[in-house]
2 protein chains.
Amino acid sequence: MNPEMKQLGEERSAIRELFEYGNARKGEIGAENVFDFSLGNPSVPAPACVREEISRLLREVPAERLHGYTSAAGDPAVREAVASYIGTQFGVPMSASLVYMTCGAAASLTVSMKALCRAGDEIVVPAPYFPEYEIFARNAGAVLVPVPTDASFRPDLPAIAAAIGKRTRAVLVNSPNNPTGAVYTEAEMRALGEILREKSRESGEPVYLFADEPYRELCYGAPPVHPMAVYENTLVLYSFSKSLSLAGERIGYIAVSPRCAGAEDVFSAVCGAGRSLGFVCAPALFQRVAAACLGKSADVGEYRANRDLLANALRAAGYRLIEPEGAFYLFVQSPERDASAFCERAKRRELLLVPSDSFGVGGYVRISYCVPRSVIERSLPAFRALIAEYPTPYA
Amino acid sequence: MNPEMKQLGEERSAIRELFEYGNARKGEIGAENVFDFSLGNPSVPAPACVREEISRLLREVPAERLHGYTSAAGDPAVREAVASYIGTQFGVPMSASLVYMTCGAAASLTVSMKALCRAGDEIVVPAPYFPEYEIFARNAGAVLVPVPTDASFRPDLPAIAAAIGKRTRAVLVNSPNNPTGAVYTEAEMRALGEILREKSRESGEPVYLFADEPYRELCYGAPPVHPMAVYENTLVLYSFSKSLSLAGERIGYIAVSPRCAGAEDVFSAVCGAGRSLGFVCAPALFQRVAAACLGKSADVGEYRANRDLLANALRAAGYRLIEPEGAFYLFVQSPERDASAFCERAKRRELLLVPSDSFGVGGYVRISYCVPRSVIERSLPAFRALIAEYPTPYA
């Protein structure tokens with residue numbers, strides 16, 4: 001068989017490994033006794049419009065039309081709705097003809113990378129980053145070039161500029177960020193756009209911006225600037241997984257900026273990549289559900305309240321962390337240098353935290369606070385006892 | 001960008017090209033005046049259990065659990081149900097741990113090929129075959145080796161045996177067959193199994209059987225033997241698209257035979273390939289819907305009646321065709337050597353038929369009879385007038 005694929009299957013991602021362990025452990029000692037902060041599985045229910053739209057579609061649309069194949073890029077009315085929403089909500093020109101509905105953010109990523117990368121191309125990405133990016137890049141024959149953020153998880157723009165070379169096909173940003181929760185400011189994004197514009201000019205070929213945005217609506221401060229507003233050669237990679245709590249339903253889109261150089265060709269390549277990877281079309285029912293729920297979201301206030309509760313309690317207990325402005329993760333500095341060792345200690349207290357190593361940096365843990373509030377409340381004694389195990393935390 | 005992907009996106013499959021043309025044409029002259037036999041989009045509604053199960057799930061399962069991520073290989077209860085069904089229905093031992101839920105047949109194919117193929121590996125396939133196989137194989141770095149069937153579309157077993165060489169990773173069969181409608185007999189399948197067993201012994205490495213089975217339930221004669229019953233190193237690639245009329249919802253599975261050499265390693269490779277291609281998990285809602293509807297199907301009798309109506313009428317009009325025993329396609333010999341030219345003439349009569357060239361053979365057209373009966377009835381005059389254009393058809 002393909003030995004790389006066998007290994008990839010055996011070594012489940014650290015996140016998924018912990019998730020499976022957590023499920024098993026819950027079976028052993030009771031779900032209420034396990035504090036599973038591993039997987040970013042939305043804990044807030046889908047907004048009412050999801051169920052209402054499913055019911056309406058079941059009632060009003062003949063089944064063979066509702067569940068049949070759509071056009072490969074998506075149902076035309078759905079694509080129109082998405083384009084219209086982007087145009088209205090963000091004030092950037094957008095065309096339905098440049099919208100490609102996908103099976104979720106992962107698919108948006110593998111499709112975009114395969115569409116635009118040739119073997120050996122490089123994708124610059126601020127680190128820490130979502131671990132699967134590496135696997136998706138490899139699938140496209142490309143290589144990730146991580147560029148560490150600064151100590152406050154802000155993008156290091158001069159370092160990003162220096163990392164962009166002859167083989168750089170794209171810069172991949174994820175804001176609001178998994179795992180840090182950082183939301184790039186408009187100034188940071190405009191500066192990044194300027195860098196990419198300059199680099200594209202220098203090389204004579206576009207350096208694309210891949211903006212991976214599944215957490216756009218999970219933002220606790222000013223809404224993020226729309227990437228298409230700051231740079232032309234932009235692909236927005238979106239997913240409804242977090243905004244509509246539909247992570248398991250696999251529904252998102254790729255939007256190619258109309259101002260992208262060769263936008264139609266880029267879109268053709270996106271379609272070709274989707275076809276090549278085995279994505280015939282995005283799931284039909286949820287294409288329509290997503291279109292009907294554009295602009296709506298699950299109760300983000302619950303996530304914010306979780307953030308406040310947990311971040312405050314951890315800080316009070318002596319943990320070091322930067323307040324996240326978006327997404328539903330705390331990226332907490334490990335009290336000992338070896339974050340994996342810290343996570344093993346945490347596991348013994350039924351706290352399931354993900355060490356930062358697979359995110360491209362050492363010394364941190366990711367804590368997903370997309371859990372019921374009661375889980376956070378019940379976990380606090382364990383967190384306090386855990387750091388108390390260290391006579392000199394952060395020595 | 002990736003020029004191969006751009007080209008793949010621009011040159012839509014012949015099938016999809018015609019489908020899009022048909023949609024546009026319906027808009028121009030009215031849907032009732034276009035006879036679109038291009039796309040295999042199920043015309044029979046999903047069975048009642050689909051809507052009932054969706055409604056039940058919406059009522060009874062909390063939304064965040066219903067729509068959240070499942071384990072990568074699928075919800076455990078769903079995998080158990082699939083394994084149990086395979087075991088009971090077909091009398092072959094099956095284990096839930098070897099079931100991987102997928103986003104439809106295309107995903108089952110790209111994942112299996114990527115799991116098991118290394119660059120340059122060969123996949124032997126009887127021709128005519130579903131055109132996308134070539135694209136899926138290329139995605140895995142593999143190469144299709146087509147082996148023509150005989151004049152009655154039966155698999156040419158000696159030729160298949162001769163085509164299996166050092167680089168052959170798998171033989172891919174599709175029965176009931178797209179585009180011919182042939183259903184391989186138990187004797188043919190057992191003989192194929194014997195060939196594969198012998199070839200595996202000779203080379204010291206398993207030659208796998210990929211059994212692509214989305215049309216299993218669309219069978220008008222004896223049900224097909226289960227591939228796992230005739231050969232050990234078998235992966236069944238299934239989809240609920242046709243049996244449950246859920247083509248747009250993207251739900252199927254890969255089942256690795258427990259008797260497959262290194263079955264657990266094969267399964268790991270399947271998981272790794274799914275991860276690598278961007279399939280996080282199969283769509284959550286429809287995983288459960290499919291599990292609840294195992295053994296049920298849309299009204300296959302409607303397809304059979306369509307087959308009878310159309311096949312009889314075409315034969316009476318002078319067309320040559322082999323009666324299909326399964327699926328919902330007629331593979332009709334073109335009255336002129338150039339099947340594409342024939343299809344262009346057909347198009348002028350609003351008959352949308354797919355020329356056989358992209359299926360790996362020349363001189364035939366594929367007619368998808370998964371359409372409302374009334375479409376077939378209204379199309380018959382056009383079919384008669386079309387063959388009447390030829391003074392000496394099949395000369």
# chains A, B, ... in the order shown; residues from 1 in each chain; ligands from 1

$ residues_around --residues "Ala346 in chain A" --least-positions-apart "6" --cutoff "8 Å" --atoms "only C-alpha atoms" --output "compact mmCIF listing (two decimals) with N, CA, C and O atoms, in the first residue's frame"
# COMPACT_ATOMS: atom_id res chain seq x y z
N LEU A 352 -7.96 17.18 29.22
CA LEU A 352 -7.43 16.83 27.90
C LEU A 352 -7.08 18.09 27.13
O LEU A 352 -7.96 18.81 26.66
N LEU A 353 -5.79 18.37 27.07
CA LEU A 353 -5.27 19.57 26.43
C LEU A 353 -4.30 19.15 25.32
O LEU A 353 -3.65 18.12 25.44
N PHE A 383 -7.48 22.26 37.13
CA PHE A 383 -6.48 23.19 36.59
C PHE A 383 -5.64 23.77 37.73
O PHE A 383 -4.42 23.94 37.60
N LEU A 386 -3.32 21.23 39.10
CA LEU A 386 -2.28 20.90 38.12
C LEU A 386 -1.11 21.86 38.22
O LEU A 386 0.05 21.45 38.31

$ residues_around --residues "Ile254 in chain B" --least-positions-apart "5" --cutoff "9 Å" --atoms "only C-alpha atoms" --output "ChimeraX atom specification"
/B:98-102,105,108-109,111-112,235-239,270

$ interface_residues --of "chain A" --to "chain B" --cutoff "6 Å" --atoms "only C-alpha atoms" --output "VMD selection string"
chain A and resid 1 to 2 5 to 6 8 to 10 43 45 63 to 64 67 to 69 106 to 107 110 115 to 118 135 to 136 246 to 250 268 to 269 271 to 273 276 278 283 to 284

$ write_last_selection --atoms "N, CA and C atoms" --output "mmCIF file, in the first residue's frame"
data_model
loop_
_atom_site.group_PDB
_atom_site.id
_atom_site.type_symbol
_atom_site.label_atom_id
_atom_site.label_comp_id
_atom_site.auth_asym_id
_atom_site.auth_seq_id
_atom_site.Cartn_x
_atom_site.Cartn_y
_atom_site.Cartn_z
ATOM 1 N N MET A 1 0.857 -1.191 0.000
ATOM 2 C CA MET A 1 0.000 0.000 0.000
ATOM 3 C C MET A 1 0.883 1.228 0.000
ATOM 4 N N ASN A 2 0.304 2.371 0.083
ATOM 5 C CA ASN A 2 1.063 3.612 0.145
ATOM 6 C C ASN A 2 1.518 3.828 1.592
ATOM 7 N N MET A 5 0.502 6.943 3.467
ATOM 8 C CA MET A 5 -0.898 7.002 3.861
ATOM 9 C C MET A 5 -1.159 6.112 5.085
ATOM 10 N N LYS A 6 -0.467 4.962 5.111
ATOM 11 C CA LYS A 6 -0.633 4.060 6.265
ATOM 12 C C LYS A 6 -0.174 4.771 7.533
ATOM 13 N N LEU A 8 0.083 7.975 8.049
ATOM 14 C CA LEU A 8 -0.816 9.087 8.329
ATOM 15 C C LEU A 8 -2.081 8.597 9.031
ATOM 16 N N GLY A 9 -2.519 7.400 8.661
ATOM 17 C CA GLY A 9 -3.718 6.861 9.280
ATOM 18 C C GLY A 9 -3.459 6.328 10.680
ATOM 19 N N GLU A 10 -2.256 5.763 10.868
ATOM 20 C CA GLU A 10 -1.933 5.205 12.184
ATOM 21 C C GLU A 10 -1.663 6.310 13.193
ATOM 22 N N SER A 43 -19.798 23.628 20.636
ATOM 23 C CA SER A 43 -20.644 23.185 21.737
ATOM 24 C C SER A 43 -21.973 23.932 21.770
ATOM 25 N N PRO A 45 -25.463 25.041 20.106
ATOM 26 C CA PRO A 45 -26.299 24.454 19.054
ATOM 27 C C PRO A 45 -26.372 25.345 17.816
ATOM 28 N N ALA A 63 -38.113 15.453 -3.285
ATOM 29 C CA ALA A 63 -36.905 14.810 -2.767
ATOM 30 C C ALA A 63 -35.819 14.627 -3.823
ATOM 31 N N GLU A 64 -36.231 14.227 -5.039
ATOM 32 C CA GLU A 64 -35.193 13.942 -6.026
ATOM 33 C C GLU A 64 -34.460 15.206 -6.456
ATOM 34 N N HIS A 67 -32.196 16.260 -2.995
ATOM 35 C CA HIS A 67 -31.033 15.433 -2.646
ATOM 36 C C HIS A 67 -30.189 15.037 -3.847
ATOM 37 N N GLY A 68 -30.550 15.501 -5.049
ATOM 38 C CA GLY A 68 -29.798 15.109 -6.236
ATOM 39 C C GLY A 68 -28.511 15.896 -6.388
ATOM 40 N N TYR A 69 -27.702 15.485 -7.371
ATOM 41 C CA TYR A 69 -26.480 16.224 -7.683
ATOM 42 C C TYR A 69 -26.816 17.686 -7.942
ATOM 43 N N ALA A 106 -11.562 22.043 5.395
ATOM 44 C CA ALA A 106 -10.468 21.155 4.975
ATOM 45 C C ALA A 106 -10.495 20.983 3.459
ATOM 46 N N ALA A 107 -11.681 20.788 2.920
ATOM 47 C CA ALA A 107 -11.814 20.655 1.470
ATOM 48 C C ALA A 107 -11.452 21.959 0.779
ATOM 49 N N THR A 110 -7.599 21.822 0.755
ATOM 50 C CA THR A 110 -6.955 20.879 -0.162
ATOM 51 C C THR A 110 -7.236 21.260 -1.611
ATOM 52 N N ALA A 115 -5.229 23.343 -6.547
ATOM 53 C CA ALA A 115 -5.546 24.158 -7.724
ATOM 54 C C ALA A 115 -4.363 25.029 -8.124
ATOM 55 N N LEU A 116 -3.687 25.568 -7.136
ATOM 56 C CA LEU A 116 -2.721 26.613 -7.444
ATOM 57 C C LEU A 116 -1.263 26.202 -7.317
ATOM 58 N N CYS A 117 -0.977 25.096 -6.643
ATOM 59 C CA CYS A 117 0.412 24.732 -6.407
ATOM 60 C C CYS A 117 0.905 23.718 -7.407
ATOM 61 N N ARG A 118 2.154 23.911 -7.802
ATOM 62 C CA ARG A 118 2.847 22.877 -8.551
ATOM 63 C C ARG A 118 3.849 22.235 -7.599
ATOM 64 N N ILE A 135 -0.295 18.560 6.059
ATOM 65 C CA ILE A 135 -0.746 17.381 5.318
ATOM 66 C C ILE A 135 -1.450 17.798 4.037
ATOM 67 N N PHE A 136 -2.238 18.868 4.129
ATOM 68 C CA PHE A 136 -2.942 19.346 2.942
ATOM 69 C C PHE A 136 -1.922 19.852 1.909
ATOM 70 N N LEU A 246 -22.068 23.453 12.338
ATOM 71 C CA LEU A 246 -22.330 22.362 11.392
ATOM 72 C C LEU A 246 -21.038 21.634 11.033
ATOM 73 N N ALA A 247 -20.146 21.487 12.017
ATOM 74 C CA ALA A 247 -18.810 20.950 11.722
ATOM 75 C C ALA A 247 -18.871 19.584 11.050
ATOM 76 N N GLY A 248 -19.834 18.762 11.427
ATOM 77 C CA GLY A 248 -19.919 17.419 10.860
ATOM 78 C C GLY A 248 -20.570 17.370 9.498
ATOM 79 N N GLU A 249 -21.200 18.473 9.081
ATOM 80 C CA GLU A 249 -21.966 18.419 7.833
ATOM 81 C C GLU A 249 -21.130 18.781 6.624
ATOM 82 N N ARG A 250 -19.929 19.318 6.856
ATOM 83 C CA ARG A 250 -18.993 19.525 5.756
ATOM 84 C C ARG A 250 -19.537 20.479 4.704
ATOM 85 N N SER A 268 -11.226 28.050 -12.592
ATOM 86 C CA SER A 268 -11.202 26.792 -13.335
ATOM 87 C C SER A 268 -10.306 25.775 -12.636
ATOM 88 N N ALA A 269 -9.150 26.257 -12.173
ATOM 89 C CA ALA A 269 -8.232 25.353 -11.483
ATOM 90 C C ALA A 269 -8.861 24.816 -10.195
ATOM 91 N N CYS A 271 -12.065 24.317 -9.721
ATOM 92 C CA CYS A 271 -13.021 23.289 -10.150
ATOM 93 C C CYS A 271 -12.300 21.991 -10.514
ATOM 94 N N GLY A 272 -11.177 22.128 -11.224
ATOM 95 C CA GLY A 272 -10.425 20.939 -11.621
ATOM 96 C C GLY A 272 -9.879 20.190 -10.420
ATOM 97 N N ALA A 273 -9.385 20.937 -9.438
ATOM 98 C CA ALA A 273 -8.845 20.295 -8.245
ATOM 99 C C ALA A 273 -9.946 19.577 -7.465
ATOM 100 N N SER A 276 -10.701 16.425 -9.223
ATOM 101 C CA SER A 276 -9.598 15.483 -9.113
ATOM 102 C C SER A 276 -9.535 14.810 -7.746
ATOM 103 N N GLY A 278 -12.043 14.112 -5.817
ATOM 104 C CA GLY A 278 -13.203 13.274 -5.542
ATOM 105 C C GLY A 278 -14.363 14.010 -4.891
ATOM 106 N N PRO A 283 -22.365 18.970 -0.218
ATOM 107 C CA PRO A 283 -23.622 18.321 0.156
ATOM 108 C C PRO A 283 -24.840 19.206 -0.138
ATOM 109 N N ALA A 284 -25.796 18.623 -0.852
ATOM 110 C CA ALA A 284 -26.866 19.411 -1.457
ATOM 111 C C ALA A 284 -27.785 20.090 -0.444
#

$ select_by_dssp --residues "range 145-250 of chain B" --states "helix (DSSP H, G or I)" --output "ChimeraX atom specification"
/B:157-163,186-203,227-229,247-249

$ write_last_selection --atoms "N, CA, C and O atoms" --output "compact mmCIF listing (two decimals), in the first residue's frame"
# COMPACT_ATOMS: atom_id res chain seq x y z
N LEU B 157 -11.90 -12.14 -19.22
CA LEU B 157 -11.05 -12.58 -18.11
C LEU B 157 -9.63 -12.95 -18.52
O LEU B 157 -8.68 -12.57 -17.83
N PRO B 158 -9.42 -13.66 -19.62
CA PRO B 158 -8.04 -13.92 -20.04
C PRO B 158 -7.27 -12.62 -20.31
O PRO B 158 -6.10 -12.50 -19.93
N ALA B 159 -7.93 -11.65 -20.91
CA ALA B 159 -7.25 -10.38 -21.19
C ALA B 159 -6.95 -9.63 -19.89
O ALA B 159 -5.90 -9.00 -19.76
N ILE B 160 -7.85 -9.70 -18.95
CA ILE B 160 -7.60 -9.08 -17.64
C ILE B 160 -6.39 -9.73 -16.99
O ILE B 160 -5.49 -9.06 -16.49
N ALA B 161 -6.36 -11.05 -17.03
CA ALA B 161 -5.22 -11.77 -16.44
C ALA B 161 -3.91 -11.35 -17.10
O ALA B 161 -2.91 -11.11 -16.43
N ALA B 162 -3.96 -11.23 -18.42
CA ALA B 162 -2.74 -10.86 -19.15
C ALA B 162 -2.30 -9.44 -18.83
O ALA B 162 -1.11 -9.12 -18.89
N ALA B 163 -3.25 -8.59 -18.46
CA ALA B 163 -2.94 -7.18 -18.20
C ALA B 163 -2.37 -6.95 -16.81
O ALA B 163 -1.83 -5.88 -16.53
N GLU B 186 -21.97 -14.59 -10.89
CA GLU B 186 -21.16 -15.18 -9.83
C GLU B 186 -19.99 -15.95 -10.43
O GLU B 186 -18.86 -15.88 -9.91
N ALA B 187 -20.22 -16.65 -11.51
CA ALA B 187 -19.13 -17.41 -12.15
C ALA B 187 -18.03 -16.48 -12.62
O ALA B 187 -16.83 -16.77 -12.44
N GLU B 188 -18.41 -15.37 -13.21
CA GLU B 188 -17.40 -14.42 -13.67
C GLU B 188 -16.61 -13.86 -12.49
O GLU B 188 -15.38 -13.76 -12.52
N MET B 189 -17.32 -13.51 -11.42
CA MET B 189 -16.66 -12.95 -10.25
C MET B 189 -15.73 -13.98 -9.58
O MET B 189 -14.63 -13.64 -9.16
N ARG B 190 -16.18 -15.22 -9.51
CA ARG B 190 -15.33 -16.26 -8.91
C ARG B 190 -14.08 -16.48 -9.75
O ARG B 190 -12.98 -16.65 -9.21
N ALA B 191 -14.27 -16.48 -11.06
CA ALA B 191 -13.11 -16.64 -11.95
C ALA B 191 -12.14 -15.48 -11.78
O ALA B 191 -10.92 -15.66 -11.75
N LEU B 192 -12.69 -14.28 -11.65
CA LEU B 192 -11.84 -13.10 -11.43
C LEU B 192 -11.09 -13.25 -10.11
O LEU B 192 -9.88 -12.98 -10.03
N GLY B 193 -11.80 -13.68 -9.09
CA GLY B 193 -11.16 -13.89 -7.79
C GLY B 193 -10.00 -14.88 -7.89
O GLY B 193 -8.94 -14.69 -7.30
N GLU B 194 -10.21 -15.95 -8.67
CA GLU B 194 -9.17 -16.95 -8.86
C GLU B 194 -7.95 -16.34 -9.54
O GLU B 194 -6.81 -16.62 -9.15
N ILE B 195 -8.20 -15.53 -10.56
CA ILE B 195 -7.10 -14.86 -11.26
C ILE B 195 -6.32 -13.98 -10.29
O ILE B 195 -5.08 -14.02 -10.23
N LEU B 196 -7.04 -13.20 -9.50
CA LEU B 196 -6.36 -12.28 -8.57
C LEU B 196 -5.58 -13.05 -7.51
O LEU B 196 -4.49 -12.63 -7.11
N ARG B 197 -6.16 -14.15 -7.06
CA ARG B 197 -5.49 -14.97 -6.05
C ARG B 197 -4.18 -15.49 -6.61
O ARG B 197 -3.13 -15.42 -5.96
N GLU B 198 -4.25 -15.99 -7.84
CA GLU B 198 -3.06 -16.53 -8.49
C GLU B 198 -2.00 -15.45 -8.70
O GLU B 198 -0.83 -15.64 -8.41
N LYS B 199 -2.44 -14.28 -9.16
CA LYS B 199 -1.51 -13.18 -9.42
C LYS B 199 -0.88 -12.69 -8.11
O LYS B 199 0.29 -12.32 -8.08
N SER B 200 -1.66 -12.67 -7.04
CA SER B 200 -1.12 -12.25 -5.76
C SER B 200 -0.04 -13.23 -5.30
O SER B 200 1.01 -12.84 -4.80
N ARG B 201 -0.33 -14.51 -5.50
CA ARG B 201 0.65 -15.55 -5.11
C ARG B 201 1.94 -15.38 -5.91
O ARG B 201 3.03 -15.34 -5.35
N GLU B 202 1.78 -15.21 -7.21
CA GLU B 202 2.95 -15.06 -8.09
C GLU B 202 3.84 -13.90 -7.67
O GLU B 202 5.05 -14.03 -7.62
N SER B 203 3.22 -12.78 -7.40
CA SER B 203 4.02 -11.58 -7.16
C SER B 203 4.43 -11.44 -5.70
O SER B 203 5.29 -10.63 -5.38
N PRO B 227 -18.67 -9.20 -3.53
CA PRO B 227 -17.27 -9.40 -3.90
C PRO B 227 -16.44 -10.05 -2.80
O PRO B 227 -15.52 -10.83 -3.08
N MET B 228 -16.73 -9.74 -1.53
CA MET B 228 -15.95 -10.32 -0.44
C MET B 228 -16.14 -11.84 -0.38
O MET B 228 -15.31 -12.53 0.21
N ALA B 229 -17.20 -12.33 -0.98
CA ALA B 229 -17.45 -13.78 -0.94
C ALA B 229 -16.60 -14.53 -1.96
O ALA B 229 -16.47 -15.75 -1.88
N ALA B 247 -27.77 11.38 -4.27
CA ALA B 247 -26.53 11.65 -5.01
C ALA B 247 -25.85 12.95 -4.58
O ALA B 247 -24.63 13.03 -4.55
N GLY B 248 -26.65 13.94 -4.25
CA GLY B 248 -26.07 15.23 -3.89
C GLY B 248 -25.60 15.30 -2.45
O GLY B 248 -24.90 16.25 -2.07
N GLU B 249 -25.95 14.32 -1.63
CA GLU B 249 -25.64 14.42 -0.21
C GLU B 249 -24.28 13.82 0.13
O GLU B 249 -23.78 14.00 1.24
